[in-house]
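Chemist: Just work19.tsv, nothing more (TSV, N, CA and C atoms):
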```tsv
chain	number	residue	atom	x	y	z
O	1	ASP	N	84.46	94.79	159.41
O	1	ASP	CA	84.29	93.94	158.25
O	1	ASP	C	83.98	92.53	158.71
O	2	ASN	N	83.06	91.90	158.03
O	2	ASN	CA	82.52	90.61	158.47
O	2	ASN	C	83.57	89.51	158.53
O	3	THR	N	84.44	89.45	157.54
O	3	THR	CA	85.47	88.40	157.51
O	3	THR	C	86.39	88.52	158.70
O	4	ASN	N	86.85	89.74	158.99
O	4	ASN	CA	87.74	89.94	160.13
O	4	ASN	C	87.04	89.64	161.45
O	5	ALA	N	85.79	90.04	161.57
O	5	ALA	CA	85.03	89.77	162.79
O	5	ALA	C	84.93	88.27	163.03
O	6	MET	N	84.64	87.52	161.98
O	6	MET	CA	84.52	86.06	162.13
O	6	MET	C	85.88	85.42	162.42
O	7	LEU	N	86.95	85.94	161.81
O	7	LEU	CA	88.29	85.44	162.12
O	7	LEU	C	88.60	85.65	163.60
O	8	LEU	N	88.36	86.85	164.11
O	8	LEU	CA	88.66	87.15	165.51
O	8	LEU	C	87.76	86.37	166.46
O	9	LEU	N	86.54	86.12	166.07
O	9	LEU	CA	85.61	85.37	166.90
O	9	LEU	C	86.00	83.89	166.96
O	10	ASN	N	86.46	83.35	165.86
O	10	ASN	CA	86.73	81.92	165.78
O	10	ASN	C	88.19	81.58	166.05
O	11	GLN	N	88.96	81.28	165.01
O	11	GLN	CA	90.30	80.74	165.18
O	11	GLN	C	91.41	81.79	165.13
O	12	GLY	N	91.06	83.03	164.88
O	12	GLY	CA	92.03	84.11	164.95
O	12	GLY	C	92.79	84.38	163.67
O	13	ILE	N	93.54	85.48	163.71
O	13	ILE	CA	94.33	85.93	162.56
O	13	ILE	C	95.43	84.91	162.25
O	14	SER	N	95.96	84.27	163.29
O	14	SER	CA	97.06	83.32	163.06
O	14	SER	C	96.63	82.13	162.21
O	15	SER	N	95.32	81.84	162.17
O	15	SER	CA	94.85	80.70	161.38
O	15	SER	C	94.73	81.02	159.89
O	16	ALA	N	94.72	82.31	159.55
O	16	ALA	CA	94.58	82.72	158.15
O	16	ALA	C	95.94	82.63	157.46
O	17	SER	N	95.92	82.30	156.19
O	17	SER	CA	97.17	82.27	155.43
O	17	SER	C	97.71	83.70	155.33
O	18	PRO	N	99.00	83.86	155.10
O	18	PRO	CA	99.55	85.22	154.99
O	18	PRO	C	98.85	86.07	153.94
O	19	PHE	N	98.30	85.44	152.91
O	19	PHE	CA	97.61	86.19	151.85
O	19	PHE	C	96.20	86.59	152.27
O	20	GLU	N	95.62	85.87	153.24
O	20	GLU	CA	94.26	86.15	153.70
O	20	GLU	C	94.23	87.08	154.90
O	21	ARG	N	95.37	87.34	155.50
O	21	ARG	CA	95.41	88.18	156.71
O	21	ARG	C	95.01	89.61	156.38
O	22	PRO	N	94.13	90.17	157.18
O	22	PRO	CA	93.65	91.52	156.88
O	22	PRO	C	94.72	92.58	157.09
O	23	ALA	N	94.71	93.58	156.25
O	23	ALA	CA	95.64	94.70	156.40
O	23	ALA	C	95.32	95.44	157.69
O	24	GLY	N	96.34	95.92	158.34
O	24	GLY	CA	96.15	96.67	159.57
O	24	GLY	C	96.16	95.81	160.82
O	25	TYR	N	96.31	94.50	160.67
O	25	TYR	CA	96.30	93.60	161.81
O	25	TYR	C	97.68	92.95	162.00
O	26	GLU	N	98.72	93.64	161.59
O	26	GLU	CA	100.06	93.07	161.65
O	26	GLU	C	100.44	92.67	163.08
O	27	LYS	N	100.05	93.48	164.06
O	27	LYS	CA	100.37	93.17	165.45
O	27	LYS	C	99.53	92.02	165.99
O	28	TRP	N	98.55	91.60	165.23
O	28	TRP	CA	97.65	90.52	165.67
O	28	TRP	C	98.02	89.19	165.04
O	29	ASN	N	99.18	89.07	164.42
O	29	ASN	CA	99.50	87.87	163.65
O	29	ASN	C	99.54	86.60	164.49
O	30	SER	N	99.66	86.71	165.81
O	30	SER	CA	99.64	85.51	166.65
O	30	SER	C	98.30	85.33	167.36
O	31	ASN	N	97.31	86.17	167.02
O	31	ASN	CA	95.99	86.08	167.64
O	31	ASN	C	95.35	84.73	167.33
O	32	LYS	N	94.87	84.05	168.37
O	32	LYS	CA	94.26	82.72	168.22
O	32	LYS	C	92.74	82.78	168.17
O	33	GLY	N	92.16	83.94	168.31
O	33	GLY	CA	90.71	84.07	168.26
O	33	GLY	C	90.08	83.73	169.60
O	34	ILE	N	88.85	84.15	169.76
O	34	ILE	CA	88.13	83.93	171.02
O	34	ILE	C	87.88	82.44	171.24
O	35	ARG	N	87.37	81.75	170.25
O	35	ARG	CA	87.08	80.33	170.40
O	35	ARG	C	88.32	79.48	170.22
O	36	GLY	N	89.24	79.94	169.37
O	36	GLY	CA	90.44	79.15	169.11
O	36	GLY	C	91.35	79.03	170.31
O	37	ARG	N	91.39	80.04	171.17
O	37	ARG	CA	92.31	79.99	172.31
O	37	ARG	C	91.91	78.95	173.34
O	38	VAL	N	90.67	78.47	173.29
O	38	VAL	CA	90.23	77.41	174.20
O	38	VAL	C	89.82	76.16	173.44
O	39	ASN	N	90.29	76.05	172.21
O	39	ASN	CA	90.08	74.87	171.36
O	39	ASN	C	88.61	74.52	171.12
O	40	LEU	N	87.77	75.54	170.97
O	40	LEU	CA	86.38	75.31	170.60
O	40	LEU	C	86.25	75.36	169.09
O	41	SER	N	85.33	74.60	168.56
O	41	SER	CA	85.14	74.62	167.11
O	41	SER	C	84.54	75.95	166.68
O	42	PRO	N	84.83	76.36	165.46
O	42	PRO	CA	84.33	77.66	164.98
O	42	PRO	C	82.80	77.69	164.89
O	43	VAL	N	82.25	78.87	165.06
O	43	VAL	CA	80.81	79.09	164.83
O	43	VAL	C	80.66	79.73	163.46
O	44	LEU	N	79.53	79.48	162.84
O	44	LEU	CA	79.25	80.01	161.51
O	44	LEU	C	78.01	80.89	161.56
O	45	ILE	N	77.95	81.80	160.62
O	45	ILE	CA	76.73	82.60	160.47
O	45	ILE	C	75.63	81.65	160.01
O	46	PRO	N	74.47	81.69	160.66
O	46	PRO	CA	73.38	80.76	160.30
O	46	PRO	C	73.05	80.80	158.81
O	47	SER	N	72.67	79.66	158.29
O	47	SER	CA	72.41	79.54	156.85
O	47	SER	C	71.17	80.32	156.40
O	48	ASN	N	70.29	80.66	157.33
O	48	ASN	CA	69.07	81.40	156.94
O	48	ASN	C	69.30	82.90	156.82
O	49	VAL	N	70.53	83.36	157.05
O	49	VAL	CA	70.85	84.79	156.95
O	49	VAL	C	71.00	85.15	155.47
O	50	ASP	N	70.36	86.24	155.09
O	50	ASP	CA	70.43	86.73	153.71
O	50	ASP	C	71.73	87.52	153.53
O	51	TRP	N	72.67	86.95	152.79
O	51	TRP	CA	73.98	87.57	152.59
O	51	TRP	C	73.90	88.86	151.78
O	52	ASN	N	72.79	89.09	151.11
O	52	ASN	CA	72.61	90.32	150.35
O	52	ASN	C	72.09	91.47	151.22
O	53	ASN	N	71.80	91.17	152.47
O	53	ASN	CA	71.30	92.18	153.40
O	53	ASN	C	72.38	92.44	154.46
O	54	PRO	N	73.16	93.52	154.30
O	54	PRO	CA	74.28	93.77	155.22
O	54	PRO	C	73.86	93.94	156.68
O	55	VAL	N	72.67	94.48	156.92
O	55	VAL	CA	72.21	94.65	158.30
O	55	VAL	C	71.94	93.29	158.93
O	56	GLU	N	71.34	92.40	158.17
O	56	GLU	CA	71.05	91.05	158.67
O	56	GLU	C	72.35	90.29	158.98
O	57	VAL	N	73.35	90.44	158.12
O	57	VAL	CA	74.65	89.79	158.36
O	57	VAL	C	75.30	90.38	159.60
O	58	GLN	N	75.28	91.70	159.72
O	58	GLN	CA	75.87	92.36	160.89
O	58	GLN	C	75.17	91.92	162.17
O	59	ASN	N	73.85	91.84	162.15
O	59	ASN	CA	73.11	91.40	163.34
O	59	ASN	C	73.43	89.96	163.70
O	60	ALA	N	73.60	89.11	162.70
O	60	ALA	CA	73.94	87.70	162.96
O	60	ALA	C	75.32	87.59	163.62
O	61	ILE	N	76.29	88.34	163.12
O	61	ILE	CA	77.63	88.32	163.72
O	61	ILE	C	77.57	88.89	165.12
O	62	GLU	N	76.83	89.96	165.29
O	62	GLU	CA	76.68	90.57	166.61
O	62	GLU	C	76.05	89.58	167.59
O	63	ASP	N	75.07	88.81	167.14
O	63	ASP	CA	74.45	87.79	168.00
O	63	ASP	C	75.47	86.73	168.41
O	64	LEU	N	76.33	86.31	167.48
O	64	LEU	CA	77.36	85.33	167.82
O	64	LEU	C	78.34	85.89	168.85
O	65	ILE	N	78.70	87.15	168.70
O	65	ILE	CA	79.62	87.79	169.65
O	65	ILE	C	78.97	87.88	171.02
O	66	ILE	N	77.69	88.24	171.07
O	66	ILE	CA	76.99	88.34	172.34
O	66	ILE	C	76.89	86.98	173.03
O	67	GLN	N	76.69	85.92	172.26
O	67	GLN	CA	76.66	84.57	172.84
O	67	GLN	C	78.00	84.23	173.48
O	68	GLU	N	79.08	84.59	172.79
O	68	GLU	CA	80.42	84.34	173.34
O	68	GLU	C	80.64	85.15	174.61
O	69	ARG	N	80.25	86.42	174.59
O	69	ARG	CA	80.41	87.26	175.79
O	69	ARG	C	79.58	86.72	176.95
O	70	ALA	N	78.41	86.17	176.66
O	70	ALA	CA	77.57	85.60	177.72
O	70	ALA	C	78.29	84.44	178.40
O	71	MET	N	78.96	83.61	177.62
O	71	MET	CA	79.69	82.49	178.20
O	71	MET	C	80.95	82.96	178.93
O	72	GLU	N	81.65	83.90	178.32
O	72	GLU	CA	82.91	84.39	178.87
O	72	GLU	C	82.70	85.17	180.17
O	73	LEU	N	81.65	85.96	180.22
O	73	LEU	CA	81.44	86.87	181.35
O	73	LEU	C	80.30	86.42	182.27
O	74	ALA	N	79.97	85.15	182.24
O	74	ALA	CA	78.87	84.65	183.06
O	74	ALA	C	79.07	85.06	184.52
O	75	PHE	N	78.01	85.55	185.12
O	75	PHE	CA	77.97	85.93	186.54
O	75	PHE	C	78.85	87.13	186.89
O	76	GLU	N	79.29	87.90	185.91
O	76	GLU	CA	80.10	89.08	186.20
O	76	GLU	C	79.30	90.38	186.11
O	77	GLY	N	78.03	90.29	185.75
O	77	GLY	CA	77.17	91.47	185.75
O	77	GLY	C	77.41	92.44	184.62
O	78	LYS	N	77.95	91.98	183.51
O	78	LYS	CA	78.24	92.89	182.40
O	78	LYS	C	77.33	92.68	181.20
O	79	ARG	N	76.52	91.67	181.21
O	79	ARG	CA	75.67	91.35	180.08
O	79	ARG	C	74.57	92.39	179.86
O	80	TRP	N	74.01	92.92	180.93
O	80	TRP	CA	72.91	93.87	180.83
O	80	TRP	C	73.26	95.03	179.90
O	81	PHE	N	74.45	95.60	180.09
O	81	PHE	CA	74.84	96.77	179.31
O	81	PHE	C	75.01	96.42	177.83
O	82	ASP	N	75.50	95.23	177.54
O	82	ASP	CA	75.60	94.79	176.15
O	82	ASP	C	74.21	94.69	175.52
O	83	LEU	N	73.29	94.07	176.25
O	83	LEU	CA	71.94	93.86	175.71
O	83	LEU	C	71.22	95.19	175.50
O	84	VAL	N	71.36	96.11	176.44
O	84	VAL	CA	70.73	97.42	176.30
O	84	VAL	C	71.31	98.16	175.09
O	85	ARG	N	72.63	98.14	174.99
O	85	ARG	CA	73.30	98.85	173.88
O	85	ARG	C	72.82	98.32	172.53
O	86	ILE	N	72.71	97.01	172.40
O	86	ILE	CA	72.28	96.43	171.12
O	86	ILE	C	70.81	96.70	170.86
O	87	ALA	N	69.98	96.57	171.88
O	87	ALA	CA	68.55	96.85	171.70
O	87	ALA	C	68.33	98.30	171.28
O	88	GLU	N	69.10	99.21	171.86
O	88	GLU	CA	68.98	100.63	171.48
O	88	GLU	C	69.48	100.85	170.05
O	89	ARG	N	70.61	100.25	169.70
O	89	ARG	CA	71.15	100.44	168.35
O	89	ARG	C	70.20	99.88	167.29
O	90	ARG	N	69.61	98.72	167.58
O	90	ARG	CA	68.69	98.10	166.63
O	90	ARG	C	67.29	98.71	166.71
O	91	ASN	N	67.06	99.55	167.71
O	91	ASN	CA	65.75	100.11	167.95
O	91	ASN	C	64.71	98.99	168.08
O	92	ASP	N	65.06	97.98	168.90
O	92	ASP	CA	64.25	96.78	169.04
O	92	ASP	C	64.21	96.34	170.51
O	93	PRO	N	63.25	96.85	171.29
O	93	PRO	CA	63.18	96.48	172.70
O	93	PRO	C	62.99	94.98	172.92
O	94	SER	N	62.41	94.28	171.95
O	94	SER	CA	62.19	92.85	172.12
O	94	SER	C	63.51	92.07	172.20
O	95	TYR	N	64.58	92.62	171.63
O	95	TYR	CA	65.88	91.95	171.73
O	95	TYR	C	66.27	91.81	173.19
O	96	LEU	N	66.23	92.90	173.93
O	96	LEU	CA	66.57	92.88	175.35
O	96	LEU	C	65.55	92.05	176.13
O	97	ALA	N	64.27	92.30	175.89
O	97	ALA	CA	63.21	91.62	176.63
O	97	ALA	C	63.30	90.10	176.48
O	98	ASN	N	63.52	89.63	175.27
O	98	ASN	CA	63.58	88.19	175.04
O	98	ASN	C	64.83	87.56	175.66
O	99	LYS	N	65.97	88.23	175.54
O	99	LYS	CA	67.21	87.69	176.11
O	99	LYS	C	67.12	87.57	177.62
O	100	VAL	N	66.55	88.57	178.28
O	100	VAL	CA	66.43	88.52	179.74
O	100	VAL	C	65.39	87.48	180.15
O	101	ALA	N	64.27	87.41	179.44
O	101	ALA	CA	63.20	86.47	179.79
O	101	ALA	C	63.64	85.01	179.60
O	102	GLU	N	64.61	84.76	178.71
O	102	GLU	CA	65.08	83.39	178.46
O	102	GLU	C	65.64	82.72	179.70
O	103	LYS	N	66.14	83.48	180.66
O	103	LYS	CA	66.77	82.87	181.82
O	103	LYS	C	65.78	82.40	182.87
O	104	PHE	N	64.51	82.74	182.73
O	104	PHE	CA	63.50	82.33	183.70
O	104	PHE	C	62.82	81.04	183.25
O	105	THR	N	62.74	80.07	184.16
O	105	THR	CA	62.11	78.79	183.82
O	105	THR	C	60.59	78.84	184.00
O	106	ASP	N	60.13	79.71	184.88
O	106	ASP	CA	58.69	79.88	185.09
O	106	ASP	C	58.12	80.72	183.95
O	107	PRO	N	57.29	80.14	183.10
O	107	PRO	CA	56.78	80.88	181.93
O	107	PRO	C	55.98	82.13	182.30
O	108	VAL	N	55.28	82.11	183.42
O	108	VAL	CA	54.50	83.29	183.83
O	108	VAL	C	55.44	84.43	184.20
O	109	LYS	N	56.48	84.12	184.96
O	109	LYS	CA	57.45	85.15	185.34
O	109	LYS	C	58.21	85.65	184.12
O	110	ALA	N	58.58	84.73	183.23
O	110	ALA	CA	59.30	85.12	182.01
O	110	ALA	C	58.46	86.09	181.18
O	111	GLU	N	57.18	85.82	181.06
O	111	GLU	CA	56.30	86.69	180.27
O	111	GLU	C	56.13	88.05	180.96
O	112	MET	N	56.05	88.05	182.29
O	112	MET	CA	55.94	89.29	183.03
O	112	MET	C	57.19	90.17	182.81
O	113	ILE	N	58.35	89.54	182.89
O	113	ILE	CA	59.62	90.25	182.67
O	113	ILE	C	59.68	90.76	181.23
O	114	ARG	N	59.33	89.91	180.28
O	114	ARG	CA	59.36	90.29	178.87
O	114	ARG	C	58.47	91.52	178.63
O	115	ASN	N	57.25	91.49	179.17
O	115	ASN	CA	56.33	92.61	178.98
O	115	ASN	C	56.87	93.89	179.60
O	116	LYS	N	57.46	93.78	180.77
O	116	LYS	CA	58.00	94.98	181.45
O	116	LYS	C	59.15	95.58	180.64
O	117	LEU	N	60.02	94.73	180.11
O	117	LEU	CA	61.19	95.22	179.39
O	117	LEU	C	60.90	95.65	177.95
O	118	MET	N	59.71	95.43	177.48
O	118	MET	CA	59.35	95.93	176.16
O	118	MET	C	59.24	97.45	176.16
O	119	ASP	N	59.15	98.04	177.34
O	119	ASP	CA	59.12	99.50	177.47
O	119	ASP	C	60.51	99.99	177.87
O	120	PRO	N	61.23	100.70	177.00
O	120	PRO	CA	62.57	101.18	177.32
O	120	PRO	C	62.63	102.07	178.57
O	121	ASN	N	61.51	102.64	178.98
O	121	ASN	CA	61.49	103.43	180.20
O	121	ASN	C	61.77	102.59	181.44
O	122	ASN	N	61.62	101.29	181.33
O	122	ASN	CA	61.87	100.38	182.46
O	122	ASN	C	63.30	99.85	182.48
O	123	TRP	N	64.15	100.30	181.60
O	123	TRP	CA	65.52	99.80	181.53
O	123	TRP	C	66.46	100.49	182.50
O	124	TYR	N	66.09	101.68	182.97
O	124	TYR	CA	66.99	102.47	183.81
O	124	TYR	C	66.27	102.92	185.07
O	125	LEU	N	67.03	103.09	186.13
O	125	LEU	CA	66.48	103.70	187.34
O	125	LEU	C	66.33	105.18	187.12
O	126	LYS	N	65.27	105.73	187.61
O	126	LYS	CA	65.04	107.17	187.43
O	126	LYS	C	64.86	107.83	188.77
```
Is it possible to express this structure as structure tokens?
Modeler:
Amino acid sequence: DNTNAMLLLNQGISSASPFERPAGYEKWNSNKGIRGRVNLSPVLIPSNVDWNNPVEVQNAIEDLIIQERAMELAFEGKRWFDLVRIAERRNDPSYLANKVAEKFTDPVKAEMIRNKLMDPNNWYLK
């Protein structure tokens, strides 16, 4: 559920009033959230997201979570699997290709990587 996902991503269950706390999260009542535990300001779903489109809202929240994981797990080699999993679920190879190409400063190399990763057959060793 979107509200709970944003609570856990930002300031946590402990920041919600007792009436706003989601059912089933009783053991999480002291949770400070991913950003809240390091005193970062909350992130919001971008204003251009169509709230009437549940897939668009879900993708926006998923993008925020992936950004947090990128910062949290930098240099640990776990980002690739997240990006592949999301690109496969969305059936959108450009998601993976663009995220990987963003890290290259040389535009020619970035475009070469982007083009190669647009083919899902290049995602795995065979």
Chemist: So how many Å separate atom N of Phe19 of chain O and atom CA of Gln58 of chain O, to one decimal?
Modeler: 24.8 Å
Chemist: List every residue of chain O that DSSP, applied to the backbone, labels as alpha helix (DSSP H), and write the result as a PyMOL selection string.
Modeler: chain O and resi 2-9+54-72+79-90+93-101+107-117
Chemist: Atom CA of Tyr124 of chain O to atom N of Met112 of chain O: how many Å, to one decimal?
Modeler: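 Answer for the atom CA of Tyr124 of chain O to atom N of Met112 of chain O separation: 18.2 Å.
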Chemist: Need to verify the contact set: Glu68 of chain O, 9 Å, only C-alpha atoms, exclusion of same-chain residues closer than 3 positions in sequence. Can you return it as an MDAnalysis selection string?
Modeler: chainID O and resid 9 34:35 63:65 71:73
Chemist: Could you work out how far atom CA of Val49 of chain O lies from atom CA of Gly24 of chain O, giving the answer in Å with one decimal?
Modeler: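 Computed distance, atom CA of Gly24 of chain O to atom CA of Val49 of chain O, equals 28.1 Å.
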Chemist: Please list, as JSON, numbers by chain, the residues that have an atom at most 10 Å away from (67.8, 89.6, 173.5) in the coordinates of this file, counting only C-alpha atoms.
Modeler: {"O": [63, 66, 80, 82, 83, 84, 86, 87, 92, 93, 94, 95, 96, 97, 98, 99, 100, 101, 102]}
Chemist: Which polymer residues have any atom within 6 Å of an atom of Asn31 of chain O, counting only C-alpha atoms, with same-chain residues fewer than 3 positions away left out, as a compact mmCIF listing (two decimals) with N, CA and C atoms, keeping the file's coordinate frame?
Modeler:
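Final output, saved to out_9.txt:
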```txt
# COMPACT_ATOMS: atom_id res chain seq x y z
N GLY O 12 91.06 83.03 164.88
CA GLY O 12 92.03 84.11 164.95
C GLY O 12 92.79 84.38 163.67
N ILE O 13 93.54 85.48 163.71
CA ILE O 13 94.33 85.93 162.56
C ILE O 13 95.43 84.91 162.25
N SER O 14 95.96 84.27 163.29
CA SER O 14 97.06 83.32 163.06
C SER O 14 96.63 82.13 162.21
N TRP O 28 98.55 91.60 165.23
CA TRP O 28 97.65 90.52 165.67
C TRP O 28 98.02 89.19 165.04
```
Chemist: How big is the axis-aligned box around the listed atoms of segment 16-29 of chain O once 4 Å is added on each side, and where is its centre? Give both in Å to one decimal, as JSON.
Modeler:
```
{"center_x": 97.0, "center_y": 89.5, "center_z": 158.9, "size_x": 14.8, "size_y": 22.4, "size_z": 22.1}
```
Chemist: Taking only C-alpha atoms into account, which of O:Lys103, O:Arg21, O:Lys126, O:Arg85 comes nearest Leu8 of chain O?
Modeler: O:Arg21
Chemist: Kindly indicate which residue among O:Phe75, O:Leu125, O:Leu44, O:Glu20 lies nearest to Ala60 of chain O, using only N, CA and C atoms for the distances.
Modeler: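 Closest residue, counting only N, CA and C atoms: O:Leu44.
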